[in-house]
Amino acid sequence: MENLKNKTFFTIFIIISLFAFVFAIFFNIQTYHREYTGILNNLTRMKNLTLERHEPFDKEMKPINDDLHNRKVMDYEVYTFILNENNEIIDKISHNDNAISKDMISKAESIIDTTSESKIKIGFLYFNKYAYNLEINKSLTIVNITNTRTLLLTNLIISLFLICIIEIIVYIISKKITEWITKPVLESFSREKEFVANASHELKTPLAVMMANIDCLEVNKKNEKWINNLKSESDRMSNLITRLLDLSKTEYLKKENFIKNDISMIIEKRALTFESLAFEKNVTIETNIKEKINFLCHKESIDELISILIDNAISHSKENSKIKVNLTNDKNEIKLEVINNGEPISPEEQDKIFERFYRNDKSHNRKSGRYGLGLAIAKNIVTSHNGTIKAYSKDGYTTFEVKFTEH
């Protein structure tokens with residue numbers, strides 16, 4: 001259920017966030033394009049006005065172009081420098097109310113000295129201070145784009161700030177929508193778990209009475225076969241009900257009941273109790289457990305987890321093989337591995353084996369009294385401790401790997 005809520009939340013959060021990012025990107029691209037176009041138009045317009053002069057110079061070698069001198073630009077600082085045949089500045093024109101500063105004249109001279117061909121250069125508006133249009137031996141138009149750069153950077157910073165605020169709002173909205181969407185599913189799931197728990201409790205009492213009465217029946221040759229069959233099936237049903245109750249309990253683990261425990265000792269002790277069962281199956285258990293790993297957990301559940309994994313490994317191991325139980329920790333992660341040599345788990349079954357009542361070998365599980373609930377219980381325990389569990393087979397060995405994050 002927690003996975004469903006997380007997937008729903010992240011789906012909603014990502015979709016809404018993408019809309020916010022796309023809008024912010026579109027807004028900044030539009031602003032950038034508008035400013036770039038404005039700068040390019042001013043550079044081209046001033047160049048064309050300069051080239052349209054019919055009588056370029058008077059007797060004192062000064063350009064005659066009243067239209068060019070009188071041309072004003074409102075939104076940008078635009079300057080035109082008239083060049084002679086030697087590519088020298090012979091006139092300076094400011095197309096706004098600002099006087100031409102020495103820095104601007106120096107910039108113009110630098111461009112003329114370092115540029116050997118006619119060209120337009122605007123560059124990246126977020127970094128550059130000037131854009132220019134140089135026509136060799138004719139004119140140089142420079143646009144001071146410092147204000148444009150400030151405008152674009154301001155818009156970018158505001159956009160990022162707004163996105164941060166929007167992300168907080170989106171997070172809250174996504175939480176609310178997720179709760180609203182998953183509420184019916186959660187209620188249905190809760191009713192299902194409650195039904196399983198209640199039904200198991202209700203079945204347990206009459207089944208116990210039936211089993212007690214079966215034991216009290218006088219066995220004779222005539223009814224011995226039927227009574228034995230009835231007792232066998234009653235035992236199977238009792239085991240099933242017990243497992244259902246265990247499954248229900250692991251779904252209701254409360255984190256406030258978790259305490260710091262020496263998980264190394266819990267696993268070591270539980271592994272020792274299975275040595276006799278392993279001996280009967282001609283299997284040995286080898287442990288490699290790092291000492292004194294403390295973990296905030298529900299002790300009984302961790303004990304149940306290792307029991308399920310070792311019992312599962314014994315059941316599916318080849319004769320005269322070895323089961324390895326490894327426990328290590330690295331930084332803030334605890335890793336538990338139970339490795340056995342037996343029938344491999346196919347890739348398509350690696351997730352299915354943790355589903356309720358899933359049995360990859362139904363005939364084997366029925367003979368051994370298994371119902372496909374053990375690994376489902378193990379997954380519930382791991383999930384309730386914010387851990388992960390997976391199974392995989394490689395080179396004839398099957399590994400069940402559990403990872404917990406230390407608190």
# chains A, B, ... in the order shown; residues from 1 in each chain; ligands from 1
>>> select_by_dssp(residues="range 280-335 of chain A", states="helix (DSSP H, G or I)", output="ChimeraX atom specification")
/A:280,299-315
>>> write_last_selection(atoms="C-alpha atoms", output="PDB file, in the first residue's frame")
ATOM      1  CA  GLU A 280      18.481 -33.802   8.918  1.00  0.00           C
ATOM      2  CA  LYS A 299      13.032  -7.848  17.694  1.00  0.00           C
ATOM      3  CA  GLU A 300      10.425 -10.590  17.228  1.00  0.00           C
ATOM      4  CA  SER A 301       9.884  -9.602  13.600  1.00  0.00           C
ATOM      5  CA  ILE A 302      13.606  -9.689  12.779  1.00  0.00           C
ATOM      6  CA  ASP A 303      13.760 -13.109  14.423  1.00  0.00           C
ATOM      7  CA  GLU A 304      10.840 -14.216  12.254  1.00  0.00           C
ATOM      8  CA  LEU A 305      12.520 -12.781   9.144  1.00  0.00           C
ATOM      9  CA  ILE A 306      15.750 -14.745   9.550  1.00  0.00           C
ATOM     10  CA  SER A 307      13.751 -17.876  10.423  1.00  0.00           C
ATOM     11  CA  ILE A 308      11.772 -17.627   7.190  1.00  0.00           C
ATOM     12  CA  LEU A 309      14.877 -17.060   5.064  1.00  0.00           C
ATOM     13  CA  ILE A 310      16.935 -19.894   6.607  1.00  0.00           C
ATOM     14  CA  ASP A 311      13.986 -22.312   6.575  1.00  0.00           C
ATOM     15  CA  ASN A 312      13.367 -21.434   2.925  1.00  0.00           C
ATOM     16  CA  ALA A 313      17.058 -21.978   2.118  1.00  0.00           C
ATOM     17  CA  ILE A 314      17.105 -25.396   3.831  1.00  0.00           C
ATOM     18  CA  SER A 315      13.940 -26.460   2.030  1.00  0.00           C
TER      19      SER A 315
END
>>> residues_around(residues="Ala108 in chain A", least_positions_apart="2", cutoff="10 Å", atoms="only C-alpha atoms", output="list in words")
Tyr79, Thr80, Phe81, Ile89, Lys102, Asp103, Met104, Ile105, Ser106, Ser110, Ile111, Ile112, Asp113, Tyr132, Leu134, Leu140, Thr141 and Ile142 of chain A
>>> atom_distance(atom1="CA of Lys335 in chain A", atom2="CA of Lys379 in chain A")
14.8 Å
>>> closest_residue(among="A:Ile29, A:Val402, A:Ile16, A:Ile157", to="Ile389 in chain A", atoms="only C-alpha atoms")
A:Val402
>>> atom_distance(atom1="CA of Gln30 in chain A", atom2="CA of Ile166 in chain A")
20.6 Å
>>> closest_residue(among="A:Ile168, A:Leu336, A:Ile289, A:Leu18", to="Lys269 in chain A", atoms="only C-alpha atoms")
A:Ile289
>>> atom_distance(atom1="CA of Thr383 in chain A", atom2="CA of Phe295 in chain A")
14.8 Å
>>> select_by_dssp(residues="range 272-311 of chain A", states="strand (DSSP E)", output="NGL selection string")
:A and (284-289 or 294-297)
>>> closest_residue(among="A:Phe274, A:Phe13, A:Phe258, A:Phe21", to="Ser159 in chain A", atoms="only C-alpha atoms")
A:Phe21
